[in-house]
Amino acid sequence: MIPYGRQFVEKDDIEEVVKVLKSDFLTQGPKIEEFERDLSKYCGCKYAVVFNSGTSALHGAYFSLGLKKGFEFITSPNTFVATSNAGIYVGLNPVFVDIEKDTGNMDVLKVEKSITPKTKVIVPIHYAGHPANMEKLYKIARKNKLHIIEDACHSLGAKYKGEKIGSCKYSDMAVLSFHPVKHITTGEGGAVLTNNKKYFEKLKMFRSHGITKENFVNKSAGGWYYEMQFLGYNYRMTDIQAALGISQLKKLNKFVEKRRAIVALYEKALKNNPYFDIPVEKGYAYSSYHLYPIRLKDKYKNKREDIFSRMRKIGLGVQVHYIPVHWQPYYKGLGFKKGMCPVAEDFYQREISIPLYPSMKKEDIQYVIEKVVDVFKEN
């Protein structure tokens, strides 16, 4: 089976992990700050705070804004549920805005109509590694005095108008994921990037029970003293994970280049085919291609289940990204209904993600191209 995505861990990555296993610190040690420095340097921001998952990083980002319960955040339904779940964790209410038909990203032209007096945050997703139109979102946010948290879990290594995603030029924070199918992996893991020192300090405390060893409310009792100043969580990354992340980050540019090279082969072979539309790359974007989402044309839209099953049977580990968040039973219980975001819903009914990851061999790529086309020819 050729999966839609997978990690690429080599001997040198393993050696770095083994070094930590033989060291004095398996967690809360020096590798955490080293990884954070490397991330901030790579992305071009001032601060990075690593977490034990992308979801916990999202939770920390929402929390650090310090918003009251009942306020709203605007986001896209075309994402994994964690994007909106994490806002709900801190008492915020999601408002879903429909997407662009071609990129799968939030439709910036529809954002302002969804802003109310309760709106405090806009959370764009850089779907499949293609950056959302951040400059336009930033202008809307400034005009309406709103925060922006980028869900950049798909897009490490991508660029918007020449700026690395994660630089936070157009946002308060950007959130990354290091799950095995992402651009680099720490097993599970995530990070929040920011240029705001206040958020940085709050995020560090949030991931560690709300505890600090400086800037005390009460007088210190001695060198052992610490304070829990708010209710935080144990969302810490281990040094074992951080060591893997440090090693992987050194290869990120090569990983992205390989993804883009595979995409170039896909585009050459599949462009203008009669069965499905392939991903686009807007003029402002340099996509890091976390996914390669094809979109079935009208003739094949209602045959997706059969097409998907037959691809799986011949060894293509395809997947669908994503079921619209507002279709989930939990969100229906909150009052969301089908039909609220028709473009996203139509996108979902057409989308299949075909294999794309750096360690794909030439024969794997050719097999994917040939077999995908063969499946459609059989219809």
# chains A, B, ... in the order shown; residues from 1 in each chain; ligands from 1
call {"tool": "residues_around", "arguments": {"residues": "region 240-245 of chain A", "least_positions_apart": "6", "cutoff": "7 Å", "atoms": "only C-alpha atoms", "output": "PDB file with N, CA and C atoms, in the first residue's frame"}}
result
ATOM      1  N   ASP A  13      18.615  10.862  12.141  1.00  0.00           N
ATOM      2  CA  ASP A  13      17.516  11.237  13.038  1.00  0.00           C
ATOM      3  C   ASP A  13      17.497  10.305  14.255  1.00  0.00           C
ATOM      4  N   GLU A  16      20.292  10.973  16.768  1.00  0.00           N
ATOM      5  CA  GLU A  16      20.052  12.132  17.639  1.00  0.00           C
ATOM      6  C   GLU A  16      19.110  11.764  18.787  1.00  0.00           C
ATOM      7  N   VAL A  17      18.135  10.929  18.500  1.00  0.00           N
ATOM      8  CA  VAL A  17      17.214  10.476  19.549  1.00  0.00           C
ATOM      9  C   VAL A  17      17.952   9.599  20.555  1.00  0.00           C
ATOM     10  N   VAL A  20      19.886  11.507  23.171  1.00  0.00           N
ATOM     11  CA  VAL A  20      19.054  12.011  24.264  1.00  0.00           C
ATOM     12  C   VAL A  20      18.720  10.885  25.242  1.00  0.00           C
ATOM     13  N   LEU A  21      18.417   9.729  24.723  1.00  0.00           N
ATOM     14  CA  LEU A  21      18.089   8.583  25.580  1.00  0.00           C
ATOM     15  C   LEU A  21      19.253   8.224  26.504  1.00  0.00           C
ATOM     16  N   LEU A  26      15.512  13.472  29.593  1.00  0.00           N
ATOM     17  CA  LEU A  26      14.567  12.930  28.623  1.00  0.00           C
ATOM     18  C   LEU A  26      13.436  13.908  28.360  1.00  0.00           C
ATOM     19  N   LYS A  31      17.134  20.343  24.896  1.00  0.00           N
ATOM     20  CA  LYS A  31      16.709  20.160  23.509  1.00  0.00           C
ATOM     21  C   LYS A  31      15.427  20.939  23.189  1.00  0.00           C
ATOM     22  N   ILE A  32      14.620  21.213  24.209  1.00  0.00           N
ATOM     23  CA  ILE A  32      13.379  21.958  23.983  1.00  0.00           C
ATOM     24  C   ILE A  32      13.689  23.361  23.479  1.00  0.00           C
ATOM     25  N   PHE A  35      15.290  23.373  19.973  1.00  0.00           N
ATOM     26  CA  PHE A  35      14.304  23.196  18.907  1.00  0.00           C
ATOM     27  C   PHE A  35      13.508  24.483  18.700  1.00  0.00           C
ATOM     28  N   ILE A 184       7.725  17.746   8.785  1.00  0.00           N
ATOM     29  CA  ILE A 184       8.706  17.122   9.666  1.00  0.00           C
ATOM     30  C   ILE A 184       7.922  16.495  10.816  1.00  0.00           C
ATOM     31  N   THR A 185       8.535  15.536  11.496  1.00  0.00           N
ATOM     32  CA  THR A 185       7.796  14.867  12.564  1.00  0.00           C
ATOM     33  C   THR A 185       8.593  14.800  13.857  1.00  0.00           C
ATOM     34  N   THR A 186       7.863  14.815  14.965  1.00  0.00           N
ATOM     35  CA  THR A 186       8.427  14.503  16.284  1.00  0.00           C
ATOM     36  C   THR A 186       7.630  13.356  16.900  1.00  0.00           C
ATOM     37  N   GLY A 187       6.970  12.598  16.069  1.00  0.00           N
ATOM     38  CA  GLY A 187       6.027  11.558  16.511  1.00  0.00           C
ATOM     39  C   GLY A 187       4.660  12.203  16.624  1.00  0.00           C
TER      40      GLY A 187
END
call {"tool": "residues_around", "arguments": {"residues": "Val95 (chain A)", "least_positions_apart": "6", "cutoff": "9 Å", "atoms": "only C-alpha atoms", "output": "mmCIF file with C-alpha atoms, in the first residue's frame"}}
result
data_model
loop_
_atom_site.group_PDB
_atom_site.id
_atom_site.type_symbol
_atom_site.label_atom_id
_atom_site.label_comp_id
_atom_site.auth_asym_id
_atom_site.auth_seq_id
_atom_site.Cartn_x
_atom_site.Cartn_y
_atom_site.Cartn_z
ATOM 1 C CA GLU A 72 -16.676 34.313 18.542
ATOM 2 C CA PHE A 73 -13.914 33.233 16.195
ATOM 3 C CA ILE A 74 -14.193 32.896 12.425
ATOM 4 C CA THR A 75 -12.676 29.853 10.776
ATOM 5 C CA SER A 76 -13.107 27.387 7.907
ATOM 6 C CA SER A 114 -19.614 37.112 9.226
ATOM 7 C CA ILE A 115 -18.130 39.626 11.677
ATOM 8 C CA THR A 119 -16.073 38.420 16.878
#
call {"tool": "closest_residue", "arguments": {"among": "A:Ile140, A:Ala285, A:Leu58, A:Ile14", "to": "Lys161 (chain A)", "atoms": "only C-alpha atoms"}}
result
A:Ala285
call {"tool": "closest_residue", "arguments": {"among": "A:Leu39, A:Leu231, A:Val97, A:Leu252", "to": "Phe8 (chain A)", "atoms": "only C-alpha atoms"}}
result
A:Leu252
call {"tool": "closest_residue", "arguments": {"among": "A:Pro77, A:Gly339, A:Pro293, A:Gly29", "to": "Ala128 (chain A)", "atoms": "only C-alpha atoms"}}
result
A:Pro293
call {"tool": "select_by_dssp", "arguments": {"residues": "region 110-260 of chain A", "states": "alpha helix (DSSP H)", "output": "ChimeraX atom specification"}}
result
/A:134-143,197-206,239-249,252-260
call {"tool": "write_last_selection", "arguments": {"atoms": "N, CA and C atoms", "output": "short mmCIF file (atom, residue, chain, number, x, y, z; two decimals), in the first residue's frame"}}
result
data_model
loop_
_atom_site.label_atom_id
_atom_site.label_comp_id
_atom_site.auth_asym_id
_atom_site.auth_seq_id
_atom_site.Cartn_x
_atom_site.Cartn_y
_atom_site.Cartn_z
N MET A 134 -3.27 36.03 3.24
CA MET A 134 -3.07 36.62 4.56
C MET A 134 -3.11 38.15 4.57
N GLU A 135 -2.61 38.78 3.55
CA GLU A 135 -2.59 40.25 3.56
C GLU A 135 -4.01 40.81 3.58
N LYS A 136 -4.89 40.22 2.81
CA LYS A 136 -6.28 40.68 2.80
C LYS A 136 -6.95 40.40 4.15
N LEU A 137 -6.68 39.23 4.72
CA LEU A 137 -7.24 38.92 6.04
C LEU A 137 -6.71 39.87 7.09
N TYR A 138 -5.43 40.22 6.99
CA TYR A 138 -4.81 41.13 7.95
C TYR A 138 -5.47 42.51 7.91
N LYS A 139 -5.76 42.97 6.70
CA LYS A 139 -6.42 44.28 6.57
C LYS A 139 -7.81 44.26 7.19
N ILE A 140 -8.54 43.16 6.98
CA ILE A 140 -9.87 43.01 7.59
C ILE A 140 -9.74 42.98 9.11
N ALA A 141 -8.75 42.26 9.61
CA ALA A 141 -8.55 42.15 11.05
C ALA A 141 -8.21 43.50 11.67
N ARG A 142 -7.33 44.25 11.04
CA ARG A 142 -6.95 45.56 11.59
C ARG A 142 -8.12 46.52 11.58
N LYS A 143 -8.87 46.49 10.50
CA LYS A 143 -10.04 47.37 10.38
C LYS A 143 -11.04 47.11 11.49
N LYS A 197 5.95 38.97 22.95
CA LYS A 197 6.56 38.39 24.15
C LYS A 197 5.52 37.99 25.20
N LYS A 198 4.44 38.77 25.31
CA LYS A 198 3.38 38.46 26.27
C LYS A 198 2.77 37.10 25.97
N TYR A 199 2.46 36.82 24.71
CA TYR A 199 1.91 35.52 24.33
C TYR A 199 2.94 34.42 24.60
N PHE A 200 4.18 34.70 24.25
CA PHE A 200 5.26 33.74 24.44
C PHE A 200 5.36 33.28 25.89
N GLU A 201 5.37 34.23 26.80
CA GLU A 201 5.49 33.89 28.23
C GLU A 201 4.26 33.11 28.72
N LYS A 202 3.09 33.52 28.24
CA LYS A 202 1.87 32.85 28.67
C LYS A 202 1.80 31.42 28.12
N LEU A 203 2.24 31.24 26.89
CA LEU A 203 2.24 29.91 26.27
C LEU A 203 3.16 28.95 27.01
N LYS A 204 4.33 29.44 27.44
CA LYS A 204 5.26 28.58 28.16
C LYS A 204 4.65 28.10 29.48
N MET A 205 3.94 28.97 30.17
CA MET A 205 3.30 28.59 31.41
C MET A 205 2.12 27.66 31.16
N PHE A 206 1.35 27.95 30.12
CA PHE A 206 0.14 27.17 29.82
C PHE A 206 0.47 25.71 29.58
N ASP A 239 12.30 15.91 25.40
CA ASP A 239 13.57 16.14 24.70
C ASP A 239 13.80 15.09 23.62
N ILE A 240 13.25 13.90 23.82
CA ILE A 240 13.34 12.85 22.80
C ILE A 240 12.70 13.33 21.50
N GLN A 241 11.51 13.88 21.63
CA GLN A 241 10.79 14.41 20.46
C GLN A 241 11.52 15.61 19.86
N ALA A 242 11.98 16.49 20.73
CA ALA A 242 12.65 17.70 20.25
C ALA A 242 13.92 17.37 19.48
N ALA A 243 14.66 16.38 19.94
CA ALA A 243 15.88 15.97 19.23
C ALA A 243 15.55 15.49 17.82
N LEU A 244 14.47 14.73 17.69
CA LEU A 244 14.03 14.30 16.36
C LEU A 244 13.62 15.50 15.52
N GLY A 245 12.91 16.45 16.13
CA GLY A 245 12.48 17.65 15.42
C GLY A 245 13.65 18.49 14.94
N ILE A 246 14.68 18.65 15.76
CA ILE A 246 15.86 19.42 15.38
C ILE A 246 16.53 18.80 14.16
N SER A 247 16.67 17.47 14.18
CA SER A 247 17.29 16.77 13.07
C SER A 247 16.44 16.87 11.80
N GLN A 248 15.14 16.70 11.96
CA GLN A 248 14.23 16.77 10.81
C GLN A 248 14.19 18.17 10.19
N LEU A 249 14.22 19.20 11.04
CA LEU A 249 14.11 20.58 10.55
C LEU A 249 15.26 20.93 9.60
N LEU A 252 14.15 20.07 6.14
CA LEU A 252 12.83 20.53 5.71
C LEU A 252 12.83 21.07 4.29
N ASN A 253 13.80 21.90 3.96
CA ASN A 253 13.81 22.47 2.60
C ASN A 253 13.90 21.37 1.55
N LYS A 254 14.70 20.35 1.81
CA LYS A 254 14.81 19.22 0.87
C LYS A 254 13.49 18.45 0.79
N PHE A 255 12.84 18.30 1.94
CA PHE A 255 11.55 17.61 1.95
C PHE A 255 10.53 18.36 1.09
N VAL A 256 10.48 19.68 1.24
CA VAL A 256 9.52 20.49 0.48
C VAL A 256 9.86 20.46 -1.01
N GLU A 257 11.15 20.54 -1.32
CA GLU A 257 11.57 20.48 -2.73
C GLU A 257 11.16 19.15 -3.36
N LYS A 258 11.30 18.07 -2.61
CA LYS A 258 10.91 16.75 -3.14
C LYS A 258 9.40 16.69 -3.35
N ARG A 259 8.64 17.21 -2.39
CA ARG A 259 7.18 17.26 -2.56
C ARG A 259 6.81 18.03 -3.82
N ARG A 260 7.45 19.17 -4.01
CA ARG A 260 7.14 20.00 -5.18
C ARG A 260 7.58 19.31 -6.48
#
call {"tool": "residues_around", "arguments": {"residues": "Ala261 (chain A)", "least_positions_apart": "5", "cutoff": "12 Å", "atoms": "only C-alpha atoms", "output": "PyMOL selection string"}}
result
chain A and resi 254-256+266-268+287-289+356-362+365
call {"tool": "select_by_dssp", "arguments": {"residues": "region 260-377 of chain A", "states": "strand (DSSP E)", "output": "MDAnalysis selection string"}}
result
chainID A and resid 276:277 285:286 293:296 316:317 351:353
call {"tool": "residues_around", "arguments": {"residues": "Gly189 (chain A)", "least_positions_apart": "2", "cutoff": "7 Å", "atoms": "only C-alpha atoms", "output": "list in words"}}
result
Phe51, Asn52, Ser53, Gly54, Ser177, Phe178, His179, Thr186, Gly187 and Met237 of chain A
call {"tool": "write_last_selection", "arguments": {"atoms": "C-alpha atoms", "output": "JSON list (two decimals), in the first residue's frame"}}
result
[["chain", "number", "residue", "atom", "x", "y", "z"],
["A", 51, "PHE", "CA", 3.85, 21.44, 22.61],
["A", 52, "ASN", "CA", 3.07, 17.72, 22.68],
["A", 53, "SER", "CA", 0.62, 18.00, 19.74],
["A", 54, "GLY", "CA", -0.73, 20.44, 17.18],
["A", 177, "SER", "CA", 1.94, 20.25, 13.76],
["A", 178, "PHE", "CA", 4.67, 17.60, 13.72],
["A", 179, "HIS", "CA", 2.43, 14.57, 13.23],
["A", 186, "THR", "CA", 8.43, 14.50, 16.28],
["A", 187, "GLY", "CA", 6.03, 11.56, 16.51],
["A", 237, "MET", "CA", 7.10, 18.02, 24.54]]
call {"tool": "atom_distance", "arguments": {"atom1": "CA of Ile323 (chain A)", "atom2": "CA of Ser167 (chain A)"}}
result
29.5 Å
call {"tool": "closest_residue", "arguments": {"among": "A:His130, A:Lys169, A:Lys271, A:Lys118", "to": "Met106 (chain A)", "atoms": "only C-alpha atoms"}}
result
A:His130
call {"tool": "atom_distance", "arguments": {"atom1": "CA of Thr83 (chain A)", "atom2": "CA of Lys250 (chain A)"}}
result
27.4 Å
call {"tool": "residues_around", "arguments": {"residues": "Gly104 (chain A)", "least_positions_apart": "5", "cutoff": "10 Å", "atoms": "only C-alpha atoms", "output": "list in words"}}
result
Ser76, Pro77, Asn78, Thr79, Asp98, Ile99, Ile125, His126, Tyr127, Ala128, His130, Ala132, Pro279, Val280, Pro293, Val343, Ala344, Phe347, Tyr348 and Glu351 of chain A
call {"tool": "residues_around", "arguments": {"residues": "Asp306 (chain A)", "least_positions_apart": "4", "cutoff": "12 Å", "atoms": "only C-alpha atoms", "output": "PyMOL selection string"}}
result
chain A and resi 300-302+310-313+352+375-376+378-379
call {"tool": "closest_atom_pairs", "arguments": {"of": "region 70-120 of chain A", "to": "region 294-299 of chain A", "cutoff": "12 Å", "atoms": "only C-alpha atoms", "output": "CSV"}}
result
residue,atom,partner,partner_atom,distance
A:Lys101,CA,A:Arg295,CA,9.7
A:Asp102,CA,A:Arg295,CA,9.0
A:Thr103,CA,A:Arg295,CA,10.6
A:Gly104,CA,A:Arg295,CA,10.4
call {"tool": "write_last_selection", "arguments": {"atoms": "N, CA and C atoms", "output": "PDB file, in the first residue's frame"}}
result
ATOM      1  N   LYS A 101     -13.251  27.651  -4.029  1.00  0.00           N
ATOM      2  CA  LYS A 101     -13.459  26.373  -4.720  1.00  0.00           C
ATOM      3  C   LYS A 101     -12.145  25.736  -5.143  1.00  0.00           C
ATOM      4  N   ASP A 102     -11.139  26.559  -5.499  1.00  0.00           N
ATOM      5  CA  ASP A 102      -9.922  25.987  -6.072  1.00  0.00           C
ATOM      6  C   ASP A 102      -8.860  25.645  -5.027  1.00  0.00           C
ATOM      7  N   THR A 103      -8.652  26.526  -4.029  1.00  0.00           N
ATOM      8  CA  THR A 103      -7.597  26.264  -3.039  1.00  0.00           C
ATOM      9  C   THR A 103      -8.089  25.479  -1.826  1.00  0.00           C
ATOM     10  N   GLY A 104      -9.390  25.539  -1.545  1.00  0.00           N
ATOM     11  CA  GLY A 104      -9.909  24.932  -0.325  1.00  0.00           C
ATOM     12  C   GLY A 104      -9.713  25.802   0.902  1.00  0.00           C
TER      13      GLY A 104
END
call {"tool": "closest_residue", "arguments": {"among": "A:Ala158, A:Val121, A:Ala264, A:Ile354", "to": "Val372 (chain A)", "atoms": "only C-alpha atoms"}}
result
A:Ile354
